[in-house]
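Pasting upload_13.txt here (compact mmCIF, C-alpha atoms):
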# COMPACT_ATOMS: atom_id res chain seq x y z
CA MET A 1152 67.41 -15.18 21.16
CA LYS A 1153 66.61 -18.86 20.73
CA SER A 1154 66.11 -20.26 17.24
CA ASN A 1155 62.59 -20.62 15.89
CA LEU A 1156 62.94 -24.39 15.98
CA LYS A 1157 63.98 -24.40 19.63
CA VAL A 1158 60.98 -22.30 20.65
CA PHE A 1159 58.71 -24.54 18.55
CA LEU A 1160 60.13 -27.66 20.28
CA LYS A 1161 59.71 -26.04 23.69
CA GLY A 1162 56.04 -25.56 22.84
CA ILE A 1163 55.73 -29.26 22.01
CA ILE A 1164 57.37 -30.32 25.27
CA ASP A 1165 55.35 -27.94 27.41
CA VAL A 1166 51.98 -28.95 25.97
CA SER A 1167 52.61 -32.73 26.14
CA PRO A 1168 51.13 -33.43 29.61
CA LEU A 1169 47.90 -31.77 28.52
CA MET A 1170 47.66 -34.14 25.56
CA ILE A 1171 46.90 -37.20 27.71
CA PRO A 1172 43.15 -36.50 28.03
CA VAL A 1173 42.99 -35.48 24.37
CA VAL A 1174 43.64 -39.09 23.35
CA PRO A 1175 40.43 -40.63 24.78
CA PHE A 1176 38.51 -37.49 23.78
CA GLY A 1177 39.57 -37.89 20.12
CA LEU A 1178 38.83 -41.61 20.13
CA ILE A 1179 35.38 -41.04 21.59
CA PHE A 1180 34.66 -38.35 19.03
CA GLY A 1181 35.59 -40.67 16.15
CA VAL A 1182 33.51 -43.53 17.53
CA LEU A 1183 30.47 -41.36 18.26
CA ALA A 1184 30.47 -39.51 14.95
CA ILE A 1185 30.17 -42.77 13.05
CA ASP A 1186 27.58 -43.97 15.53
CA VAL A 1187 25.48 -40.83 15.01
CA GLY A 1188 25.53 -41.34 11.25
CA PHE A 1189 28.36 -39.31 9.75
CA THR A 1190 30.54 -40.98 7.12
CA PRO A 1191 34.22 -41.60 7.90
CA ILE A 1192 35.22 -38.82 5.49
CA GLU A 1193 32.80 -36.33 7.05
CA THR A 1194 34.09 -37.29 10.49
CA MET A 1195 37.70 -36.72 9.46
CA ALA A 1196 36.69 -33.44 7.82
CA MET A 1197 35.10 -32.27 11.06
CA SER A 1198 38.37 -32.73 12.92
CA LEU A 1199 40.33 -31.05 10.12
CA ILE A 1200 37.98 -28.12 9.52
CA ILE A 1201 36.60 -27.41 12.99
CA PHE A 1202 39.58 -28.66 15.04
CA GLY A 1203 37.89 -28.10 18.40
CA GLY A 1204 36.85 -30.88 20.75
CA ALA A 1205 34.03 -29.11 22.55
CA SER A 1206 32.58 -27.71 19.30
CA GLN A 1207 32.63 -31.08 17.60
CA ILE A 1208 31.02 -32.94 20.49
CA VAL A 1209 28.27 -30.33 20.79
CA LEU A 1210 27.67 -30.70 17.06
CA LEU A 1211 27.27 -34.49 17.45
CA GLN A 1212 25.10 -34.24 20.55
CA LEU A 1213 22.63 -31.83 18.95
CA PHE A 1214 22.75 -33.52 15.55
CA SER A 1215 21.80 -36.86 17.08
CA GLY A 1216 18.99 -35.13 19.00
CA GLY A 1217 17.56 -33.85 15.72
CA ALA A 1218 18.32 -30.16 16.22
CA SER A 1219 18.14 -27.81 13.23
CA SER A 1220 21.32 -26.57 11.58
CA LEU A 1221 20.77 -23.04 12.81
CA VAL A 1222 20.53 -24.21 16.42
CA ILE A 1223 23.60 -26.41 16.03
CA ILE A 1224 25.69 -23.60 14.52
CA SER A 1225 24.64 -21.05 17.14
CA SER A 1226 25.27 -23.55 19.95
CA VAL A 1227 28.75 -24.17 18.58
CA GLY A 1228 29.23 -20.40 18.52
CA ALA A 1229 28.08 -20.16 22.12
CA VAL A 1230 30.48 -22.89 23.19
CA ASN A 1231 33.29 -21.02 21.46
CA SER A 1232 32.51 -17.70 23.03
CA ARG A 1233 34.95 -18.62 25.79
CA HIS A 1234 37.71 -17.99 23.24
CA LEU A 1235 36.79 -14.32 23.24
CA LEU A 1236 37.86 -14.21 26.86
CA TYR A 1237 41.41 -15.09 25.87
CA GLY A 1238 41.43 -12.22 23.38
CA ALA A 1239 42.15 -9.61 25.99
CA VAL A 1240 45.12 -11.63 27.16
CA VAL A 1241 46.91 -13.00 24.14
CA SER A 1242 46.43 -10.35 21.45
CA GLU A 1243 49.03 -8.01 22.93
CA HIS A 1244 51.77 -10.61 22.40
CA LEU A 1245 50.87 -11.11 18.77
CA SER A 1246 50.03 -7.56 17.77
CA ASP A 1247 53.22 -6.93 15.70
CA LEU A 1248 52.81 -10.07 13.62
CA LYS A 1249 51.94 -10.08 9.94
CA LEU A 1250 48.33 -10.85 9.10
CA ILE A 1251 49.28 -14.17 7.51
CA TRP A 1252 50.75 -15.37 10.82
CA LYS A 1253 47.65 -14.25 12.66
CA ILE A 1254 45.56 -16.27 10.21
CA ILE A 1255 47.72 -19.37 10.74
CA ILE A 1256 47.98 -19.07 14.51
CA SER A 1257 44.22 -18.62 14.84
CA TYR A 1258 43.68 -22.11 13.47
CA PHE A 1259 45.97 -23.60 16.13
CA LEU A 1260 44.62 -21.58 18.99
CA ILE A 1261 42.97 -24.18 21.18
CA ASP A 1262 42.45 -24.31 24.94
CA GLN A 1263 45.50 -26.44 25.72
CA ALA A 1264 47.95 -24.50 23.55
CA PHE A 1265 46.62 -21.22 24.91
CA ALA A 1266 46.91 -22.36 28.53
CA ILE A 1267 50.56 -23.34 28.10
CA SER A 1268 51.76 -20.60 25.78
CA ASN A 1269 50.14 -17.81 27.73
CA GLU A 1270 52.63 -18.50 30.51
CA TYR A 1271 55.54 -18.60 28.07
CA LEU A 1272 54.48 -15.43 26.26
CA LYS A 1273 54.31 -13.54 29.52
CA LYS A 1274 57.85 -14.49 30.50
CA ASN A 1275 59.59 -14.19 27.13
CA LYS A 1276 59.94 -11.06 25.08
CA ASP A 1277 61.79 -12.55 22.08
CA HIS A 1278 60.29 -11.60 18.76
CA ASN A 1279 59.84 -15.27 17.74
CA ARG A 1280 58.06 -16.29 20.97
CA TYR A 1281 54.86 -17.08 19.08
CA PHE A 1282 56.54 -20.24 17.71
CA HIS A 1283 55.82 -21.70 21.14
CA LEU A 1284 52.09 -21.38 20.50
CA VAL A 1285 52.48 -22.91 17.03
CA GLY A 1286 54.42 -25.85 18.53
CA GLY A 1287 51.76 -26.55 21.15
CA GLY A 1288 48.91 -26.16 18.67
CA ALA A 1289 50.58 -28.38 16.06
CA THR A 1290 51.15 -31.12 18.65
CA CYS A 1291 47.51 -31.10 19.58
CA TRP A 1292 46.58 -31.08 15.89
CA VAL A 1293 48.55 -34.27 15.21
CA ILE A 1294 47.06 -36.04 18.24
CA TRP A 1295 43.51 -34.90 17.49
CA GLN A 1296 43.64 -36.02 13.84
CA SER A 1297 45.24 -39.39 14.58
CA THR A 1298 42.91 -40.25 17.47
CA THR A 1299 39.88 -39.24 15.37
CA PHE A 1300 41.16 -41.57 12.67
CA LEU A 1301 41.67 -44.39 15.19
CA GLY A 1302 38.19 -43.81 16.61
CA ILE A 1303 36.68 -44.12 13.13
CA ILE A 1304 38.48 -47.43 12.58
CA LEU A 1305 37.86 -48.82 16.06
CA GLY A 1306 34.26 -47.62 16.08
CA SER A 1307 32.66 -50.86 15.00
CA ALA A 1308 34.96 -52.92 17.23
CA ILE A 1309 33.89 -51.18 20.44
CA PRO A 1310 30.79 -52.84 21.89
CA GLU A 1311 27.84 -50.53 22.45
CA LYS A 1312 27.31 -52.11 25.87
CA LEU A 1313 30.35 -50.23 27.17
CA GLY A 1314 28.32 -47.03 27.02
CA LEU A 1315 31.28 -45.03 25.81
CA SER A 1316 29.03 -42.06 25.07
CA PHE A 1317 29.01 -41.51 28.83
CA ALA A 1318 32.58 -40.29 28.39
CA VAL A 1319 31.18 -37.12 26.79
CA PRO A 1320 29.57 -35.66 29.93
CA LEU A 1321 32.58 -36.91 31.90
CA THR A 1322 34.97 -35.01 29.65
CA PHE A 1323 33.05 -31.79 30.12
CA LEU A 1324 32.76 -32.46 33.83
CA ALA A 1325 36.53 -32.81 33.94
CA LEU A 1326 36.93 -29.37 32.32
CA LEU A 1327 35.02 -27.88 35.26
CA VAL A 1328 37.01 -29.44 38.12
CA ASN A 1329 38.46 -26.11 39.23
CA ASP A 1330 35.06 -24.41 39.14
CA PHE A 1331 33.48 -26.82 41.62
CA ARG A 1332 35.50 -25.15 44.35
CA LYS A 1333 34.00 -21.72 43.79
CA PHE A 1334 30.62 -20.96 45.28
CA ILE A 1335 29.20 -18.74 42.53
CA ASN A 1336 30.38 -21.16 39.86
CA VAL A 1337 28.59 -24.03 41.61
CA ILE A 1338 25.33 -22.07 41.62
CA VAL A 1339 25.79 -21.22 37.93
CA ILE A 1340 26.51 -24.89 37.15
CA ILE A 1341 23.36 -26.04 38.95
CA ILE A 1342 21.11 -23.42 37.32
CA SER A 1343 22.41 -24.17 33.83
CA GLY A 1344 22.14 -27.93 34.35
CA LEU A 1345 18.59 -27.73 35.70
CA VAL A 1346 17.38 -25.45 32.92
CA ALA A 1347 18.89 -27.75 30.29
CA THR A 1348 17.47 -30.94 31.81
CA LEU A 1349 14.00 -29.65 32.63
CA GLY A 1350 13.80 -27.68 29.39
CA TYR A 1351 15.15 -30.50 27.23
CA ASN A 1352 11.68 -31.44 25.99
CA TYR A 1353 10.03 -28.04 26.28
CA ILE A 1354 12.47 -25.50 24.90
CA PRO A 1355 11.76 -25.39 21.16
CA PHE A 1356 14.28 -26.19 18.41
CA LYS A 1357 16.59 -28.02 20.87
CA ALA A 1358 17.88 -24.60 21.84
CA TYR A 1359 18.28 -25.83 25.41
CA VAL A 1360 22.07 -25.42 25.33
CA ILE A 1361 21.80 -21.72 24.51
CA VAL A 1362 18.88 -21.03 26.87
CA ALA A 1363 20.62 -22.83 29.75
CA ALA A 1364 23.90 -21.02 29.09
CA LEU A 1365 22.16 -17.64 29.08
CA ALA A 1366 20.35 -18.52 32.30
CA GLY A 1367 23.70 -19.46 33.83
CA LEU A 1368 25.40 -16.25 32.70
CA PHE A 1369 22.48 -14.17 33.92
CA THR A 1370 22.79 -15.87 37.32
CA ALA A 1371 26.50 -15.09 37.35
CA MET A 1372 25.77 -11.44 36.53
CA ILE A 1373 23.35 -11.10 39.44
CA LEU A 1374 25.51 -12.98 41.94
CA THR A 1375 28.72 -11.14 41.12
CA ARG A 1376 26.96 -7.79 41.38
CA LYS A 1377 25.57 -8.58 44.82
CA ASN A 1378 28.94 -9.88 45.85
CA LYS A 1379 30.55 -6.52 45.20
CA LYS A 1380 28.01 -4.53 47.15
CA ALA A 1381 28.45 -6.71 50.21
CA MET B 1273 21.34 -28.15 5.16
CA SER B 1274 23.72 -30.89 4.08
CA ASN B 1275 26.18 -32.40 6.54
CA TRP B 1276 29.02 -30.80 4.62
CA ALA B 1277 27.53 -27.31 4.86
CA LEU B 1278 26.91 -27.86 8.56
CA ILE B 1279 30.54 -28.89 9.12
CA LEU B 1280 31.80 -25.89 7.14
CA TYR B 1281 29.67 -23.38 9.03
CA CYS B 1282 30.60 -24.86 12.41
CA GLY B 1283 34.26 -24.71 11.35
CA LEU B 1284 33.87 -21.12 10.23
CA ILE B 1285 32.28 -19.94 13.46
CA THR B 1286 34.89 -21.77 15.54
CA TYR B 1287 37.70 -20.24 13.49
CA LEU B 1288 36.20 -16.76 13.69
CA THR B 1289 36.02 -16.77 17.48
CA ARG B 1290 39.71 -17.65 17.53
CA PHE B 1291 40.72 -15.21 14.79
CA SER B 1292 38.77 -12.33 16.28
CA MET B 1293 40.59 -12.92 19.52
CA ILE B 1294 43.96 -12.49 17.84
CA ALA B 1295 43.32 -10.02 15.07
CA LEU B 1296 40.39 -7.84 15.98
CA ILE B 1297 39.98 -7.67 19.72
CA LYS B 1298 41.88 -4.95 21.46
CA LYS B 1299 42.58 -5.11 25.12
CA GLU B 1300 40.61 -1.95 25.77
CA MET B 1301 37.42 -3.50 24.39
CA PHE B 1302 37.02 -5.62 27.50
CA ASN B 1303 36.50 -3.94 30.81
CA ASP B 1304 36.89 -5.91 34.01
CA ARG B 1305 33.16 -6.47 34.33
CA ILE B 1306 32.85 -8.12 30.90
CA ARG B 1307 35.94 -10.18 31.59
CA GLU B 1308 34.47 -11.31 34.91
CA ILE B 1309 31.21 -12.40 33.26
CA LEU B 1310 33.03 -14.18 30.42
CA SER B 1311 35.03 -16.15 32.96
CA PHE B 1312 31.75 -17.86 33.87
CA VAL B 1313 31.11 -19.07 30.32
CA PRO B 1314 32.46 -22.62 30.90
CA SER B 1315 30.40 -22.97 34.11
CA ALA B 1316 27.33 -21.69 32.29
CA ILE B 1317 27.58 -23.78 29.15
CA PHE B 1318 29.18 -27.14 29.96
CA PRO B 1319 26.43 -28.21 32.43
CA ALA B 1320 23.92 -27.77 29.59
CA ILE B 1321 25.71 -30.66 27.91
CA ILE B 1322 26.60 -32.63 31.06
CA PHE B 1323 23.22 -32.75 32.83
CA PRO B 1324 20.98 -33.91 29.94
CA ALA B 1325 23.59 -36.54 28.97
CA ILE B 1326 23.32 -37.95 32.48
CA PHE B 1327 19.65 -37.51 33.35
CA ILE B 1328 17.84 -37.85 30.01
CA ASN B 1329 17.47 -41.41 28.73
CA ASP B 1330 17.39 -42.70 25.16
CA ILE B 1331 13.73 -41.91 24.68
CA GLY B 1332 14.09 -38.34 25.91
CA LEU B 1333 12.68 -38.67 29.41
CA ILE B 1334 14.22 -37.69 32.73
CA GLU B 1335 15.44 -40.82 34.49
CA ILE B 1336 16.45 -40.71 38.16
CA ASP B 1337 15.74 -44.19 39.52
CA ASP B 1338 17.91 -47.02 38.34
CA ASN B 1339 20.32 -44.68 36.56
CA PRO B 1340 23.97 -45.67 37.23
CA LYS B 1341 25.21 -42.57 35.39
CA ILE B 1342 24.18 -40.32 38.28
CA LEU B 1343 26.29 -42.10 40.90
CA ALA B 1344 29.21 -42.51 38.47
CA ALA B 1345 29.13 -38.78 37.66
CA ILE B 1346 29.07 -37.87 41.36
CA ILE B 1347 32.07 -40.10 42.03
CA ALA B 1348 33.90 -38.55 39.07
CA MET B 1349 33.06 -35.07 40.35
CA PHE B 1350 34.54 -35.74 43.79
CA ILE B 1351 37.64 -37.37 42.31
CA GLY B 1352 37.95 -34.28 40.10
CA ILE B 1353 37.56 -31.83 42.97
CA PHE B 1354 40.25 -33.54 45.04
CA SER B 1355 42.69 -34.56 42.32
CA ARG B 1356 42.19 -31.54 40.01
CA SER B 1357 43.13 -33.97 37.27
CA ILE B 1358 41.19 -34.13 34.01
CA ILE B 1359 42.30 -37.65 33.22
CA ALA B 1360 41.52 -38.99 36.74
CA THR B 1361 38.05 -37.48 36.53
CA ILE B 1362 37.21 -39.12 33.20
CA PHE B 1363 38.62 -42.53 34.08
CA SER B 1364 37.16 -42.71 37.58
CA GLY B 1365 33.74 -41.88 36.11
CA LEU B 1366 34.02 -44.54 33.40
CA ALA B 1367 35.39 -47.14 35.84
CA SER B 1368 32.56 -46.49 38.33
CA TYR B 1369 30.00 -46.67 35.54
CA TRP B 1370 31.33 -50.00 34.29
CA PHE B 1371 31.51 -51.32 37.84
CA LEU B 1372 27.88 -50.33 38.41
CA ILE B 1373 26.51 -51.84 35.18
CA PHE B 1374 28.65 -54.97 34.98
CA VAL B 1375 29.43 -55.94 38.56
CA VAL B 1376 26.75 -54.59 40.90
What is this structure when it is put down as structure tokens?
Amino acid sequence: MKSNLKVFLKGIIDVSPLMIPVVPFGLIFGVLAIDVGFTPIETMAMSLIIFGGASQIVLLQLFSGGASSLVIISSVGAVNSRHLLYGAVVSEHLSDLKLIWKIIISYFLIDQAFAISNEYLKKNKDHNRYFHLVGGGATCWVIWQSTTFLGIILGSAIPEKLGLSFAVPLTFLALLVNDFRKFINVIVIIISGLVATLGYNYIPFKAYVIVAALAGLFTAMILTRKNKKA
Amino acid sequence: MSNWALILYCGLITYLTRFSMIALIKKEMFNDRIREILSFVPSAIFPAIIFPAIFINDIGLIEIDDNPKILAAIIAMFIGIFSRSIIATIFSGLASYWFLIFVV
């Protein structure tokens, strides 16, 4: 069995390539949060407390659009519902752990660390294999906090003309690159996008994110059902 | 609600989705059908952020003509489909956008 430290370091090494896009993402978050009207301390607290890129950007987007707190919180919940999907996969590897470890690991469980460690957990049966997940998560934590901090500082130095806020839709677009190749996913993407855009001014309480997501999921339900019958 | 309360609640709900996945959810709770539907969550939710950010302008109206973001996003999408690279997608989109607003 490898030492805890070795497994932890392996996690750091494995997750590193996935950290490259996290750098501009963190910077953009820091810049935008200040731009939208949060104080530097609130912005830093968001990265420390929430520690989730998609959640934090959705928060900013809806906050700047004047959405109510309830809508913002439920939209953040909806964005995070993808984590539930991982539950079926990862929980079996962590089921013997003490509750305190589950509490700690949950904080570090982000998309990138999950993607990398899931592979490792499948191949290794050592009792300390979860240190891999902690290593990957901790790496991302350091990068996310430091780039948020840099974004806060650089914020005023970056000219508004650059239109850096455009990097937000681009970042989410980039997370979908593999889905553009699948027919049903493309239909779901179009339906959700159209509902959100056309409903932007008409769906009350800025709940367009939730309504569009539900419309997309409903479409997926219908299309996958038909697919099976055929 | 104050900004601080908002941040705390958003943090709480984010943490709970992660914690529930590790501590509460048992494999048997998800049948294949639910898993299949959940796999569409990113495709269903991210466009709700992407599309308005591209098509809706600062004053809240849909803008199609004279909107460089549309072409830049399409270029980024194709680069993404062919490269399958997150970083190439983001940078090609930003580069095209800057080219369109500053050069063209």
Residue list as a ChimeraX atom specification for point (34.0, -46.2, 33.1), cut-off 9 Å, all atoms listed in the file: /A:1313-1315,1317-1318 /B:1344,1362-1371
A:Lys1333, A:His1234, A:Lys1312, A:His1244 ranked by distance to Leu1310 of chain B, top pick (using only C-alpha atoms):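 Closest to Leu1310 of chain B of all the choices is A:His1234.
Across the structure, atom CA of Ser1225 of chain A and atom CA of Tyr1258 of chain A are spaced 19.4 Å apart.
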What is the atom CA of Pro1319 of chain B to atom CA of Phe1323 of chain A distance in Å?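 Result for atom CA of Pro1319 of chain B versus atom CA of Phe1323 of chain A: 7.9 Å, one decimal.
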One decimal, Å: what's the distance from atom CA of Pro1168 of chain A over to atom CA of Gln1263 of chain A, could you say?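 Between atom CA of Pro1168 of chain A and atom CA of Gln1263 of chain A the gap works out to 9.8 Å.
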Among listed residues B:Leu1280, B:Leu1296, B:Met1273, B:Ile1326, nearest Pro1340 of chain B (using all atoms listed in the file):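 Under the stated criterion, the closest residue is B:Ile1326.
Minimum distance to chain A across B:Val1313, B:Val1376, B:Ala1277, B:Ile1351 (counting all atoms listed in the file) occurs at B:Val1313.
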